[in-house]
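Next comes input08.cif, a file with mmCIF, C-alpha atoms.
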```cif
data_input
loop_
_atom_site.label_atom_id
_atom_site.label_comp_id
_atom_site.auth_asym_id
_atom_site.auth_seq_id
_atom_site.Cartn_x
_atom_site.Cartn_y
_atom_site.Cartn_z
CA MET A 6 0.00 0.00 0.00
CA THR A 7 1.27 3.46 -0.93
CA HIS A 8 0.56 6.37 1.39
CA ILE A 9 0.87 9.88 -0.04
CA ALA A 10 1.14 12.86 2.32
CA VAL A 11 -0.43 15.98 0.82
CA ILE A 12 0.34 19.51 1.97
CA ASP A 13 -2.85 21.38 1.01
CA ILE A 14 -2.98 25.12 1.74
CA GLY A 15 -6.11 27.11 0.95
CA LYS A 16 -6.76 30.74 1.76
CA ILE A 17 -8.58 29.86 4.99
CA ASN A 18 -6.87 26.70 6.27
CA ALA A 19 -3.60 24.81 5.97
CA LYS A 20 -4.09 21.06 5.86
CA LEU A 21 -2.00 17.92 5.85
CA ALA A 22 -3.76 14.83 4.54
CA LEU A 23 -2.58 11.24 4.20
CA VAL A 24 -4.09 9.63 1.13
CA ASP A 25 -4.24 5.92 0.29
CA GLY A 26 -2.58 5.71 -3.12
CA ALA A 27 -4.77 2.79 -4.21
CA THR A 28 -8.23 3.97 -3.13
CA LEU A 29 -7.51 7.71 -2.93
CA ALA A 30 -9.30 7.78 0.42
CA GLU A 31 -8.04 10.18 3.09
CA ILE A 32 -6.65 8.12 5.96
CA ALA A 33 -5.83 11.04 8.24
CA VAL A 34 -6.30 14.81 8.12
CA VAL A 35 -5.06 17.64 10.34
CA THR A 36 -5.61 21.37 9.83
CA ARG A 37 -4.57 24.74 11.20
CA PRO A 38 -5.90 28.22 10.38
CA ASN A 39 -4.13 30.06 7.60
CA SER A 40 -4.55 33.39 9.33
CA PRO A 41 -2.17 36.09 8.05
CA LEU A 42 0.21 37.69 10.51
CA PRO A 43 -0.39 41.45 10.79
CA GLY A 44 3.21 42.58 10.46
CA PRO A 45 5.53 44.34 10.57
CA PRO A 46 6.32 44.98 7.82
CA PHE A 47 2.91 44.07 6.29
CA SER A 48 0.22 41.38 6.42
CA HIS A 49 1.99 38.13 5.55
CA VAL A 50 1.68 34.36 5.62
CA ASP A 51 2.89 32.38 8.63
CA LEU A 52 5.38 30.26 6.72
CA ASP A 53 7.38 29.23 9.79
CA GLY A 54 4.26 28.23 11.72
CA HIS A 55 3.02 26.14 8.81
CA TRP A 56 6.38 24.43 8.39
CA GLN A 57 6.62 23.39 12.03
CA PHE A 58 3.02 22.10 11.83
CA PHE A 59 3.78 20.06 8.71
CA LEU A 60 6.99 18.60 10.11
CA HIS A 61 5.28 17.54 13.34
CA HIS A 62 2.41 15.81 11.59
CA LEU A 63 4.52 14.29 8.83
CA ALA A 64 6.44 12.58 11.61
CA ALA A 65 3.20 11.45 13.29
CA PHE A 66 1.72 10.18 10.01
CA HIS A 67 4.86 8.26 9.19
CA ALA A 68 5.10 6.70 12.66
CA LYS A 69 1.49 5.49 12.51
CA HIS A 70 0.94 4.70 8.83
CA GLY A 71 4.12 5.21 6.82
CA VAL A 72 4.66 7.92 4.20
CA ASP A 73 5.82 6.76 0.75
CA ALA A 74 5.52 10.02 -1.24
CA ILE A 75 4.66 13.68 -0.70
CA SER A 76 2.71 16.11 -2.85
CA VAL A 77 1.77 19.77 -2.45
CA THR A 78 -1.13 21.97 -3.52
CA THR A 79 -1.73 25.60 -2.56
CA HIS A 80 -3.83 28.59 -3.48
CA GLY A 81 -2.60 30.79 -6.30
CA ALA A 82 -1.43 34.41 -6.43
CA ALA A 83 1.49 33.46 -4.23
CA ALA A 84 5.26 33.09 -4.38
CA VAL A 85 8.19 33.11 -1.98
CA LEU A 86 11.36 35.14 -2.50
CA LEU A 87 14.60 33.40 -1.53
CA ASN A 88 18.07 34.85 -0.94
CA THR A 89 21.41 33.33 -1.93
CA LYS A 90 21.36 31.12 1.19
CA GLY A 91 17.94 29.72 0.31
CA LYS A 92 16.23 31.60 3.12
CA VAL A 93 13.17 33.83 2.81
CA ALA A 94 14.28 37.24 1.51
CA ALA A 95 11.03 38.99 2.50
CA PRO A 96 7.82 37.83 4.21
CA MET A 97 5.28 36.28 1.83
CA LEU A 98 2.67 38.95 1.18
CA ASP A 99 -0.98 38.09 1.89
CA TYR A 100 -2.67 38.57 -1.49
CA GLU A 101 -5.53 40.50 0.14
CA HIS A 102 -3.17 43.19 1.39
CA PRO A 103 -4.15 46.52 -0.25
CA GLY A 104 -0.57 47.72 -0.78
CA PRO A 105 -0.37 46.92 -4.53
CA ASP A 106 -3.45 49.08 -5.16
CA THR A 107 -1.55 52.18 -3.99
CA ILE A 108 0.80 52.05 -6.99
CA ALA A 109 -1.51 50.31 -9.45
CA ALA A 110 -1.01 52.97 -12.13
CA GLU A 111 2.73 52.34 -12.14
CA TYR A 112 2.16 48.60 -12.41
CA ASP A 113 -0.35 49.02 -15.22
CA ALA A 114 2.40 50.60 -17.31
CA LEU A 115 4.48 47.43 -16.90
CA ARG A 116 2.01 44.56 -17.12
CA PRO A 117 1.61 42.79 -20.47
CA GLN A 118 -1.69 42.90 -22.30
CA PHE A 119 -4.44 40.43 -21.41
CA LEU A 120 -4.21 38.85 -24.87
CA ARG A 121 -0.60 37.92 -24.11
CA THR A 122 -1.08 36.40 -20.64
CA GLY A 123 -4.77 35.58 -20.21
CA SER A 124 -4.52 37.36 -16.83
CA PRO A 125 -7.14 40.03 -16.09
CA LYS A 126 -6.20 43.05 -14.01
CA LEU A 127 -7.24 42.21 -10.45
CA PRO A 128 -7.30 44.18 -7.19
CA MET A 129 -4.87 43.97 -4.28
CA GLY A 130 -2.24 41.28 -4.85
CA LEU A 131 -4.37 38.89 -6.87
CA ASN A 132 -1.97 39.37 -9.77
CA LEU A 133 1.31 37.94 -8.51
CA GLY A 134 3.20 40.41 -10.69
CA ALA A 135 1.53 43.28 -8.84
CA GLN A 136 2.70 41.81 -5.53
CA LEU A 137 6.28 41.58 -6.75
CA HIS A 138 6.17 45.12 -8.12
CA TRP A 139 4.87 46.54 -4.83
CA LEU A 140 7.36 44.57 -2.72
CA LEU A 141 10.27 45.77 -4.86
CA ALA A 142 9.04 49.37 -4.73
CA SER A 143 8.47 49.24 -0.96
CA ASP A 144 11.91 47.82 -0.15
CA PRO A 145 14.63 49.30 -2.40
CA GLY A 146 17.19 46.73 -1.24
CA LEU A 147 14.99 43.71 -1.90
CA ARG A 148 15.89 43.22 -5.56
CA ASP A 149 19.55 42.76 -4.62
CA ARG A 150 18.62 40.19 -1.95
CA ILE A 151 16.51 38.03 -4.26
CA ALA A 152 18.30 35.04 -5.73
CA HIS A 153 15.21 32.96 -6.60
CA VAL A 154 11.45 33.34 -6.95
CA VAL A 155 9.49 30.12 -6.36
CA THR A 156 5.74 29.72 -6.73
CA TYR A 157 4.03 28.74 -3.49
CA PRO A 158 3.67 24.95 -3.84
CA GLN A 159 7.34 24.71 -4.72
CA TYR A 160 8.45 26.62 -1.65
CA TRP A 161 7.41 23.58 0.35
CA GLY A 162 9.10 21.37 -2.23
CA TRP A 163 12.27 23.43 -1.71
CA LEU A 164 12.14 22.91 2.05
CA LEU A 165 11.49 19.19 1.62
CA THR A 166 14.04 18.45 -1.12
CA GLY A 167 16.38 21.38 -1.64
CA GLU A 168 15.42 21.56 -5.35
CA LEU A 169 14.17 24.79 -6.91
CA ALA A 170 11.15 24.80 -9.23
CA SER A 171 8.01 26.64 -10.20
CA ASP A 172 4.98 24.85 -11.57
CA LEU A 173 3.09 25.70 -14.73
CA SER A 174 -0.34 25.72 -13.10
CA SER A 175 0.73 28.27 -10.49
CA LEU A 176 2.54 30.43 -13.04
CA GLY A 177 -0.58 30.34 -15.21
CA CYS A 178 -2.91 31.44 -12.41
CA HIS A 179 -3.49 35.15 -13.28
CA THR A 180 0.08 36.07 -12.40
CA ASP A 181 0.88 38.28 -15.45
CA LEU A 182 4.19 36.40 -15.42
CA TRP A 183 3.35 33.62 -17.91
CA ASP A 184 2.41 33.40 -21.58
CA PRO A 185 0.08 30.37 -21.72
CA TRP A 186 -0.05 30.36 -25.53
CA GLN A 187 3.73 30.19 -26.00
CA GLY A 188 4.45 28.30 -22.77
CA CYS A 189 7.11 30.71 -21.55
CA PHE A 190 7.65 33.56 -19.12
CA SER A 191 6.07 36.87 -20.12
CA PRO A 192 8.02 40.11 -20.68
CA LEU A 193 7.06 41.22 -17.16
CA ILE A 194 9.95 39.24 -15.70
CA ASP A 195 12.44 41.49 -17.51
CA ARG A 196 10.47 44.64 -16.68
CA LEU A 197 10.61 43.80 -12.96
CA GLY A 198 14.34 43.18 -13.13
CA LEU A 199 13.99 39.52 -12.20
CA THR A 200 15.51 37.92 -15.30
CA GLY A 201 17.25 34.69 -14.39
CA ARG A 202 15.73 34.56 -10.91
CA MET A 203 12.51 32.69 -11.58
CA ALA A 204 12.82 29.05 -10.55
CA PRO A 205 12.62 26.64 -13.51
CA ALA A 206 9.07 26.04 -14.77
CA ARG A 207 8.01 22.39 -14.61
CA CYS A 208 4.88 20.31 -15.06
CA SER A 209 3.05 19.59 -11.82
CA ASN A 210 3.33 15.80 -12.11
CA GLU A 211 7.11 15.73 -12.39
CA VAL A 212 9.18 14.65 -9.39
CA LEU A 213 11.67 16.75 -7.44
CA ASP A 214 14.70 15.34 -5.70
CA GLY A 215 13.78 13.20 -2.72
CA VAL A 216 13.37 14.21 0.91
CA THR A 217 16.60 15.60 2.34
CA ALA A 218 18.59 14.00 5.12
CA GLN A 219 17.69 16.95 7.37
CA VAL A 220 13.94 16.47 6.90
CA ALA A 221 14.39 12.72 7.26
CA ALA A 222 16.10 13.19 10.62
CA ILE A 223 13.12 15.21 11.91
CA THR A 224 10.25 13.16 10.46
CA ARG A 225 11.85 9.70 10.12
CA ILE A 226 10.52 9.61 6.56
CA PRO A 227 13.35 7.98 4.59
CA ALA A 228 15.71 10.30 2.76
CA GLY A 229 15.04 10.17 -0.96
CA THR A 230 11.26 9.71 -0.59
CA PRO A 231 9.81 11.25 -3.78
CA VAL A 232 8.15 14.67 -3.72
CA ALA A 233 5.95 15.83 -6.61
CA VAL A 234 6.55 19.28 -8.12
CA GLY A 235 3.08 20.33 -6.89
CA ILE A 236 0.05 22.16 -8.22
CA HIS A 237 -2.31 25.13 -7.90
CA ASP A 238 -5.38 24.04 -5.92
CA SER A 239 -8.13 24.58 -8.51
CA ASN A 240 -6.04 22.70 -11.03
CA ALA A 241 -5.63 19.90 -8.51
CA SER A 242 -9.41 19.48 -8.64
CA LEU A 243 -9.27 19.39 -12.44
CA TYR A 244 -6.33 16.98 -12.78
CA PRO A 245 -8.06 13.64 -12.03
CA HIS A 246 -10.72 14.37 -14.64
CA ILE A 247 -8.17 15.36 -17.27
CA LEU A 248 -6.55 11.96 -16.77
CA GLY A 249 -9.68 9.85 -16.92
CA ARG A 250 -12.48 11.62 -18.85
CA LYS A 251 -13.35 12.19 -22.46
CA THR A 252 -13.98 15.77 -23.49
CA PRO A 253 -15.98 17.93 -23.39
CA PHE A 254 -16.61 18.46 -19.69
CA ALA A 255 -16.25 21.17 -17.06
CA VAL A 256 -15.06 21.10 -13.48
CA VAL A 257 -16.25 23.54 -10.82
CA SER A 258 -13.76 23.76 -7.97
CA THR A 259 -15.38 25.23 -4.86
CA GLY A 260 -13.79 26.73 -1.78
CA THR A 261 -12.98 30.33 -0.95
CA TRP A 262 -13.01 30.74 -4.73
CA VAL A 263 -15.45 29.04 -7.09
CA VAL A 264 -13.54 28.37 -10.30
CA ALA A 265 -15.25 27.00 -13.41
CA MET A 266 -12.86 25.34 -15.89
CA ALA A 267 -13.99 24.15 -19.32
CA VAL A 268 -12.17 21.36 -21.16
CA GLY A 269 -12.95 20.78 -24.82
CA GLY A 270 -15.92 23.15 -24.89
CA ASP A 271 -16.93 25.98 -27.20
CA GLU A 272 -14.79 29.05 -27.65
CA ALA A 273 -14.67 31.02 -24.41
CA ARG A 274 -15.68 34.66 -24.19
CA LEU A 275 -12.45 35.81 -22.54
CA ASP A 276 -13.15 39.09 -20.78
CA PRO A 277 -10.76 40.57 -18.22
CA ALA A 278 -13.45 42.92 -16.90
CA ARG A 279 -15.63 39.95 -15.96
CA ASP A 280 -12.95 37.59 -14.61
CA VAL A 281 -13.02 35.22 -17.58
CA LEU A 282 -9.41 34.23 -17.91
CA VAL A 283 -6.97 31.50 -18.83
CA ASN A 284 -5.57 29.05 -16.32
CA VAL A 285 -2.90 26.48 -17.13
CA ASP A 286 -3.46 22.82 -16.28
CA ALA A 287 -1.01 20.40 -14.68
CA LEU A 288 0.37 19.47 -18.10
CA GLY A 289 0.92 23.07 -19.18
CA ARG A 290 -2.13 23.51 -21.42
CA PRO A 291 -4.35 26.64 -21.43
CA VAL A 292 -7.80 26.13 -19.88
CA PRO A 293 -10.60 28.74 -20.21
CA SER A 294 -11.73 29.58 -16.69
CA ALA A 295 -14.00 31.94 -14.81
CA ARG A 296 -14.36 32.53 -11.10
CA PHE A 297 -15.97 34.39 -8.26
CA MET A 298 -15.39 34.40 -4.52
CA GLY A 299 -18.26 32.03 -3.75
CA GLY A 300 -16.95 30.55 -0.51
CA ARG A 301 -16.35 34.00 0.93
CA GLU A 302 -19.84 35.05 -0.19
CA TYR A 303 -21.32 31.98 1.49
CA GLU A 304 -19.67 32.81 4.81
CA THR A 305 -20.66 36.49 4.57
CA VAL A 306 -24.35 35.84 4.00
CA ARG A 307 -24.59 32.94 6.45
CA ALA A 308 -22.97 35.13 9.13
CA GLY A 309 -22.37 32.13 11.38
CA SER A 310 -25.78 30.51 10.94
CA THR A 311 -25.84 26.73 10.55
CA ALA A 312 -29.55 26.46 9.71
CA ASP A 313 -30.59 24.16 6.86
CA PRO A 314 -33.64 25.07 4.77
CA THR A 315 -36.84 23.09 5.14
CA ASP A 316 -39.12 22.30 2.22
CA ALA A 317 -41.36 25.11 3.49
CA ASP A 318 -38.40 27.49 3.42
CA ARG A 319 -37.59 26.52 -0.16
CA GLU A 320 -41.19 26.95 -1.25
CA ALA A 321 -41.43 30.38 0.39
CA VAL A 322 -38.26 31.54 -1.35
CA ARG A 323 -39.30 30.13 -4.71
CA ARG A 324 -42.86 31.46 -4.67
CA GLY A 325 -41.90 34.80 -3.18
CA ARG A 326 -38.95 35.23 -5.55
CA VAL A 327 -36.70 36.00 -2.60
CA MET A 328 -33.37 36.45 -4.37
CA ILE A 329 -29.85 37.69 -3.84
CA LEU A 330 -28.67 39.80 -6.76
CA PRO A 331 -24.90 40.09 -7.24
CA ALA A 332 -22.44 40.68 -5.97
CA VAL A 333 -21.81 39.88 -2.33
CA GLU A 334 -18.06 40.27 -3.01
CA PRO A 335 -17.93 42.99 -5.67
CA GLY A 336 -14.16 43.06 -6.10
CA SER A 337 -14.03 40.15 -8.53
CA GLY A 338 -16.27 37.90 -10.59
CA PRO A 339 -18.68 38.58 -13.47
CA PHE A 340 -20.43 41.56 -11.87
CA ARG A 341 -17.46 43.44 -10.49
CA GLY A 342 -18.37 46.73 -8.85
CA ARG A 343 -22.06 45.88 -8.28
CA ARG A 344 -23.38 45.65 -4.76
CA MET A 345 -25.53 42.86 -3.40
CA GLU A 346 -29.25 43.48 -2.96
CA TRP A 347 -32.22 41.37 -1.92
CA THR A 348 -35.47 41.12 -3.83
CA GLY A 349 -37.89 40.24 -1.08
CA SER A 350 -36.94 39.47 2.49
CA PRO A 351 -36.04 36.07 3.97
CA HIS A 352 -38.03 35.51 7.17
CA THR A 353 -35.97 32.60 8.52
CA ASP A 354 -32.35 31.54 8.46
CA GLY A 355 -33.46 28.55 6.40
CA GLN A 356 -34.96 30.83 3.75
CA ARG A 357 -31.77 32.86 3.70
CA ALA A 358 -29.76 29.64 3.23
CA ALA A 359 -31.94 28.46 0.34
CA ALA A 360 -31.74 31.79 -1.48
CA LEU A 361 -27.98 31.88 -0.93
CA SER A 362 -27.43 28.39 -2.34
CA TRP A 363 -29.51 29.17 -5.43
CA TYR A 364 -27.65 32.47 -5.89
CA LEU A 365 -24.30 30.67 -5.78
CA ALA A 366 -25.52 28.11 -8.33
CA LEU A 367 -26.78 30.85 -10.64
CA MET A 368 -23.46 32.66 -10.39
CA THR A 369 -21.70 29.38 -11.20
CA HIS A 370 -23.99 28.88 -14.20
CA THR A 371 -23.03 32.37 -15.39
CA ARG A 372 -19.37 31.49 -15.05
CA LEU A 373 -19.75 28.21 -16.97
CA GLY A 374 -21.52 29.94 -19.84
CA MET A 375 -18.69 32.40 -20.27
CA THR A 376 -16.08 29.62 -20.47
CA GLY A 377 -17.91 27.86 -23.32
CA ALA A 378 -18.49 24.81 -21.12
CA ARG A 379 -20.17 21.78 -22.70
CA GLY A 380 -20.77 18.26 -21.47
CA PRO A 381 -21.23 17.21 -17.86
CA VAL A 382 -20.31 19.57 -15.02
CA ILE A 383 -18.42 17.98 -12.12
CA VAL A 384 -18.63 19.86 -8.82
CA GLU A 385 -15.67 19.46 -6.47
CA GLY A 386 -15.21 20.70 -2.92
CA PRO A 387 -17.66 21.85 -0.22
CA PHE A 388 -20.49 22.92 -2.55
CA ALA A 389 -20.74 19.35 -3.83
CA ARG A 390 -22.42 18.58 -0.50
CA ASN A 391 -24.92 21.43 -0.81
CA ARG A 392 -28.21 19.90 -1.97
CA ASP A 393 -29.82 23.18 -3.03
CA TYR A 394 -26.78 24.43 -4.92
CA CYS A 395 -26.46 21.18 -6.86
CA ALA A 396 -30.20 20.95 -7.65
CA MET A 397 -30.28 24.46 -9.10
CA LEU A 398 -27.11 23.91 -11.14
CA ALA A 399 -28.46 20.60 -12.47
CA THR A 400 -31.70 22.30 -13.50
CA LEU A 401 -29.71 24.68 -15.67
CA HIS A 402 -27.40 22.12 -17.32
CA PRO A 403 -29.09 19.50 -19.52
CA ASP A 404 -25.79 17.64 -19.98
CA GLY A 405 -25.88 16.87 -16.27
CA VAL A 406 -24.19 17.80 -13.03
CA GLU A 407 -22.15 15.22 -11.14
CA VAL A 408 -20.57 15.03 -7.72
CA ALA A 409 -18.02 12.54 -6.52
CA THR A 410 -19.18 9.49 -4.59
CA SER A 411 -16.09 9.69 -2.35
CA ALA A 412 -13.88 12.43 -1.04
CA THR A 413 -12.27 14.33 -3.89
CA GLY A 414 -10.94 17.77 -4.52
CA THR A 415 -7.55 19.33 -4.06
CA SER A 416 -5.90 16.69 -1.85
CA LEU A 417 -6.97 13.86 -4.16
CA GLY A 418 -5.76 15.67 -7.26
CA ALA A 419 -2.43 16.45 -5.63
CA ALA A 420 -2.07 12.83 -4.52
CA MET A 421 -2.66 11.66 -8.09
CA LEU A 422 0.47 13.53 -9.14
CA CYS A 423 2.35 10.71 -7.41
CA ARG A 424 0.48 7.85 -9.08
CA GLY A 425 2.23 7.92 -12.44
CA ALA A 426 0.09 7.44 -15.54
CA ALA A 427 -2.95 5.83 -13.87
CA ALA A 428 -5.88 7.38 -15.74
CA VAL A 429 -8.97 6.61 -13.72
CA ALA A 430 -11.41 9.46 -13.13
CA PRO A 431 -13.09 9.59 -9.72
CA GLN A 432 -16.47 7.86 -9.55
CA THR A 433 -19.36 10.30 -9.62
CA CYS A 434 -23.14 10.26 -9.38
CA ARG A 435 -25.52 12.46 -11.32
CA VAL A 436 -27.52 15.08 -9.43
CA ALA A 437 -31.28 15.23 -9.96
CA SER A 438 -32.64 18.44 -11.41
CA ASP A 439 -35.76 20.23 -10.13
CA PRO A 440 -37.96 21.67 -12.91
CA MET A 441 -39.76 23.77 -10.28
CA LEU A 442 -36.63 25.95 -10.06
CA ALA A 443 -36.55 26.88 -13.73
CA GLY A 444 -38.88 29.86 -13.38
CA TYR A 445 -36.96 31.22 -10.40
CA ALA A 446 -33.72 30.94 -12.36
CA ALA A 447 -35.20 32.72 -15.38
CA ASP A 448 -36.41 35.59 -13.21
CA TRP A 449 -32.99 35.92 -11.56
CA MET A 450 -31.25 36.06 -14.92
CA ALA A 451 -33.75 38.60 -16.24
CA ALA A 452 -33.16 40.82 -13.21
CA VAL A 453 -29.39 40.60 -13.66
CA ASN A 454 -29.57 41.19 -17.42
CA ALA A 455 -31.63 44.32 -16.82
CA TRP A 456 -28.47 45.86 -15.34
CA MET A 457 -26.28 45.10 -18.32
#
```

Let's see the structure in the file written out as structure tokens.
Amino acid sequence: MTHIAVIDIGKINAKLALVDGATLAEIAVVTRPNSPLPGPPFSHVDLDGHWQFFLHHLAAFHAKHGVDAISVTTHGAAAVLLNTKGKVAAPMLDYEHPGPDTIAAEYDALRPQFLRTGSPKLPMGLNLGAQLHWLLASDPGLRDRIAHVVTYPQYWGWLLTGELASDLSSLGCHTDLWDPWQGCFSPLIDRLGLTGRMAPARCSNEVLDGVTAQVAAITRIPAGTPVAVGIHDSNASLYPHILGRKTPFAVVSTGTWVVAMAVGGDEARLDPARDVLVNVDALGRPVPSARFMGGREYETVRAGSTADPTDADREAVRRGRVMILPAVEPGSGPFRGRRMEWTGSPHTDGQRAAALSWYLALMTHTRLGMTGARGPVIVEGPFARNRDYCAMLATLHPDGVEVATSATGTSLGAAMLCRGAAAVAPQTCRVASDPMLAGYAADWMAAVNAWM
């Protein structure tokens, strides 16, 4: 039996999972909050805290179960700057820090055109290039200290193996640093003065050098244990389906971000103003994608409530046309700059939950349409367990909506990087549609289109 340890860092939580390489079931999972540290010098990621957490639990996993390989997946819009000694040259900026917005005009003069990179202009540090530009401008000595820039999954690979790399899926995640059509770095690298300092770009499923003797001494995992290059988290959700499905299909990765990715569909309506962009898959190929901050919107509207809707709640929302119009998070997504409003008032937390789930499904449907998605839609992550979300999405997609029958998502996709060429897509089941929701959906879309 092969056991694969997966470092899995989302925007909200950092997780270590142990995955059975044969069944792809999670044997053990531990998490810690991924709360940014406030500074000085600015809001940044707790890299040292995460590393001590991972080392401790890698040792515990190996003692109890054995660890035969390690893989890594993280959120995008992130990189770590290393000095000549391989240490962190500056704290890793939290991508929601507003600093890059203060010199956005200067950055706009440097960033390549959307047609070159597939990266829309995004606020704060959501374009990795904007982060680097702001960091270099804020610390005049930083450029001289930087020896290497590694994308976030590969920082952990560096600590584990001592080998430098960047991965194509992270470079292709709205960074402005990558040309997905030519498969090479964009001109922005030269404009930032970082020529020769980007770690080598590699496919996510390649293997780094093995675990170092130093890490082996701490964790008791044998030196030389293979470590995958690693992958951007939304692309980790996509990867198993790329291996084992015929096109066309689409994958919706849900978490803090809801990302719709279309494989083999119609021509996408790429639009930087509406967050329709190009991602790069684990094998380095461009993938039309669209996203919105659905998980954040879910938490905002729920406001701590755990109530589930009853059938009476659903009926009241449907008949009363109680709707959320976009956008709860107006800084990104297809309706950027528009503020959320209710049509009608929810009278219970259950009604609020039903309207929220249908809103999130309708936003996802909007995203899928803009990517040119065709074929079945596979929902990964937390929203796959949301009955109302899935029912609404299935009502809108005649080719079907599917959810996995076992745990899937980012950890599974990252684990599959260590399985070689095994091309078996996760088992899924089709979600039943609800024709009673069609009228509600049509009214929502009419209300939204009236703005356009």

Practice item. Name every residue that the PyMOL selection byres ((chain A and resi 92) around 12) selects in this structure, writing the answer as a PyMOL selection string with chains first and numbers rising. Key: chain A and resi 52-53+85-91+93-97+150-155+160+163-164+167

For region 120-139 of chain A, take all atoms listed in the file, fit an axis-aligned box around them, add 3 Å to each of the six sides, then output centre and edge lengths in Å rounded to one decimal, as AutoDock Vina command-line options.
```
--center_x -0.5 --center_y 41.1 --center_z -14.6 --size_x 19.6 --size_y 17.0 --size_z 26.6
```

Check your understanding: Got a sec to resolve the PyMOL selection byres ((chain A and resi 361) around 9) on this structure and send the residues as a list in words?
Key ->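 With the shown file as input, the PyMOL selection byres ((chain A and resi 361) around 9) matches Glu302, Tyr303, Val306, Arg307, Met328, Ile329, Gln356, Arg357, Ala358, Ala359, Ala360, Ser362, Trp363, Tyr364, Leu365, Ala366 and Tyr394 of chain A.
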
Exercise for review: Identify all residues satisfying the PyMOL selection byres ((chain A and resi 236-247) around 6) in the given file; provide them as a list in words.
Suggested key: Thr78, Thr79, His80, Gly81, Ser174, Ser175, Ser209, Gly235, Leu248, Gly249, Arg250, Ser258, Asp286, Gly414, Thr415, Gly418, Ala419 and Ala430 of chain A

Review point. With all atoms listed in the file as the atoms that count, which of A:Leu165, A:Ile194, A:Arg202, A:Pro431 lies nearest to Ala218 (chain A)?
Key: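 Result for the nearest residue to Ala218 (chain A): A:Leu165.
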
Determine, using all atoms listed in the file, which residues of region 302-413 of chain A have any atom at most 9 Å from an atom of region 261-279 of chain A, and tabulate each with its shortest atom pair and distance in Å to one decimal place, rows ordered by chain and then rising number, as a Markdown table.
```
| residue | atom | partner | partner_atom | distance |
| --- | --- | --- | --- | --- |
| A:Glu302 | CA | A:Thr261 | CA | 8.4 |
| A:Tyr303 | CA | A:Thr261 | CA | 8.8 |
| A:Ser337 | CA | A:Arg279 | CA | 7.6 |
| A:Gly338 | CA | A:Arg279 | CA | 5.8 |
| A:Pro339 | CA | A:Arg279 | CA | 4.2 |
| A:Phe340 | CA | A:Arg279 | CA | 6.5 |
| A:Arg341 | CA | A:Arg279 | CA | 6.7 |
| A:Thr369 | CA | A:Ala265 | CA | 7.2 |
| A:His370 | CA | A:Ala265 | CA | 9.0 |
| A:Arg372 | CA | A:Ala265 | CA | 6.3 |
| A:Leu373 | CA | A:Ala265 | CA | 5.9 |
| A:Gly374 | CA | A:Ala273 | CA | 8.3 |
| A:Met375 | CA | A:Arg274 | CA | 5.4 |
| A:Thr376 | CA | A:Ala273 | CA | 4.4 |
| A:Gly377 | CA | A:Asp271 | CA | 4.4 |
| A:Ala378 | CA | A:Gly270 | CA | 4.9 |
| A:Arg379 | CA | A:Gly270 | CA | 5.0 |
| A:Gly380 | CA | A:Gly270 | CA | 7.7 |
| A:Val382 | CA | A:Ala267 | CA | 8.9 |
```

Check your understanding: From the list A:Leu282, A:Ala109, A:Val220, A:Leu367, which residue is nearest Phe59 (chain A) when using all atoms listed in the file?
Key ->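 That would be A:Val220, the residue with the smallest distance to Phe59 (chain A).
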
Review point. So which residues touch Trp456 (chain A) within 12 Å, counting all atoms listed in the file, skipping near sequence neighbours fewer than 5 positions away, as a ChimeraX atom specification?
Key: /A:330-331,340,343-344,449-451

Point to revise | Counting all atoms listed in the file, the residue of A:Met397, A:Ile14, A:Leu60, A:Leu417 that sits nearest Ile226 (chain A) | key: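 When distances to Ile226 (chain A) are compared using all atoms listed in the file, the smallest one comes from A:Leu60.
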
Practice item. Find the spatial neighbours of Gly444 (chain A), counting only C-alpha atoms, within a cut-off of 10 Å - ignore same-chain residues fewer than 6 positions away - and output them as a VMD selection string. Key: chain A and resid 323 to 324 326 450

So which residues are close to (3.4, 17.5, -1.5), meaning at most 10 Å away in the file's coordinates with all atoms listed in the file counted, and can you show them as an mmCIF file with C-alpha atoms, keeping the file's coordinate frame?
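Written out: part-v4.cif:
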```cif
data_model
loop_
_atom_site.group_PDB
_atom_site.id
_atom_site.type_symbol
_atom_site.label_atom_id
_atom_site.label_comp_id
_atom_site.auth_asym_id
_atom_site.auth_seq_id
_atom_site.Cartn_x
_atom_site.Cartn_y
_atom_site.Cartn_z
ATOM 1 C CA ILE A 9 0.870 9.880 -0.040
ATOM 2 C CA ALA A 10 1.140 12.860 2.320
ATOM 3 C CA VAL A 11 -0.430 15.980 0.820
ATOM 4 C CA ILE A 12 0.340 19.510 1.970
ATOM 5 C CA ASP A 13 -2.850 21.380 1.010
ATOM 6 C CA LEU A 21 -2.000 17.920 5.850
ATOM 7 C CA ALA A 22 -3.760 14.830 4.540
ATOM 8 C CA ALA A 74 5.520 10.020 -1.240
ATOM 9 C CA ILE A 75 4.660 13.680 -0.700
ATOM 10 C CA SER A 76 2.710 16.110 -2.850
ATOM 11 C CA VAL A 77 1.770 19.770 -2.450
ATOM 12 C CA THR A 78 -1.130 21.970 -3.520
ATOM 13 C CA THR A 79 -1.730 25.600 -2.560
ATOM 14 C CA PRO A 158 3.670 24.950 -3.840
ATOM 15 C CA GLN A 159 7.340 24.710 -4.720
ATOM 16 C CA TRP A 161 7.410 23.580 0.350
ATOM 17 C CA GLY A 162 9.100 21.370 -2.230
ATOM 18 C CA LEU A 165 11.490 19.190 1.620
ATOM 19 C CA PRO A 231 9.810 11.250 -3.780
ATOM 20 C CA VAL A 232 8.150 14.670 -3.720
ATOM 21 C CA ALA A 233 5.950 15.830 -6.610
ATOM 22 C CA VAL A 234 6.550 19.280 -8.120
ATOM 23 C CA GLY A 235 3.080 20.330 -6.890
ATOM 24 C CA ILE A 236 0.050 22.160 -8.220
ATOM 25 C CA SER A 416 -5.900 16.690 -1.850
ATOM 26 C CA ALA A 419 -2.430 16.450 -5.630
ATOM 27 C CA ALA A 420 -2.070 12.830 -4.520
ATOM 28 C CA LEU A 422 0.470 13.530 -9.140
ATOM 29 C CA CYS A 423 2.350 10.710 -7.410
#
```
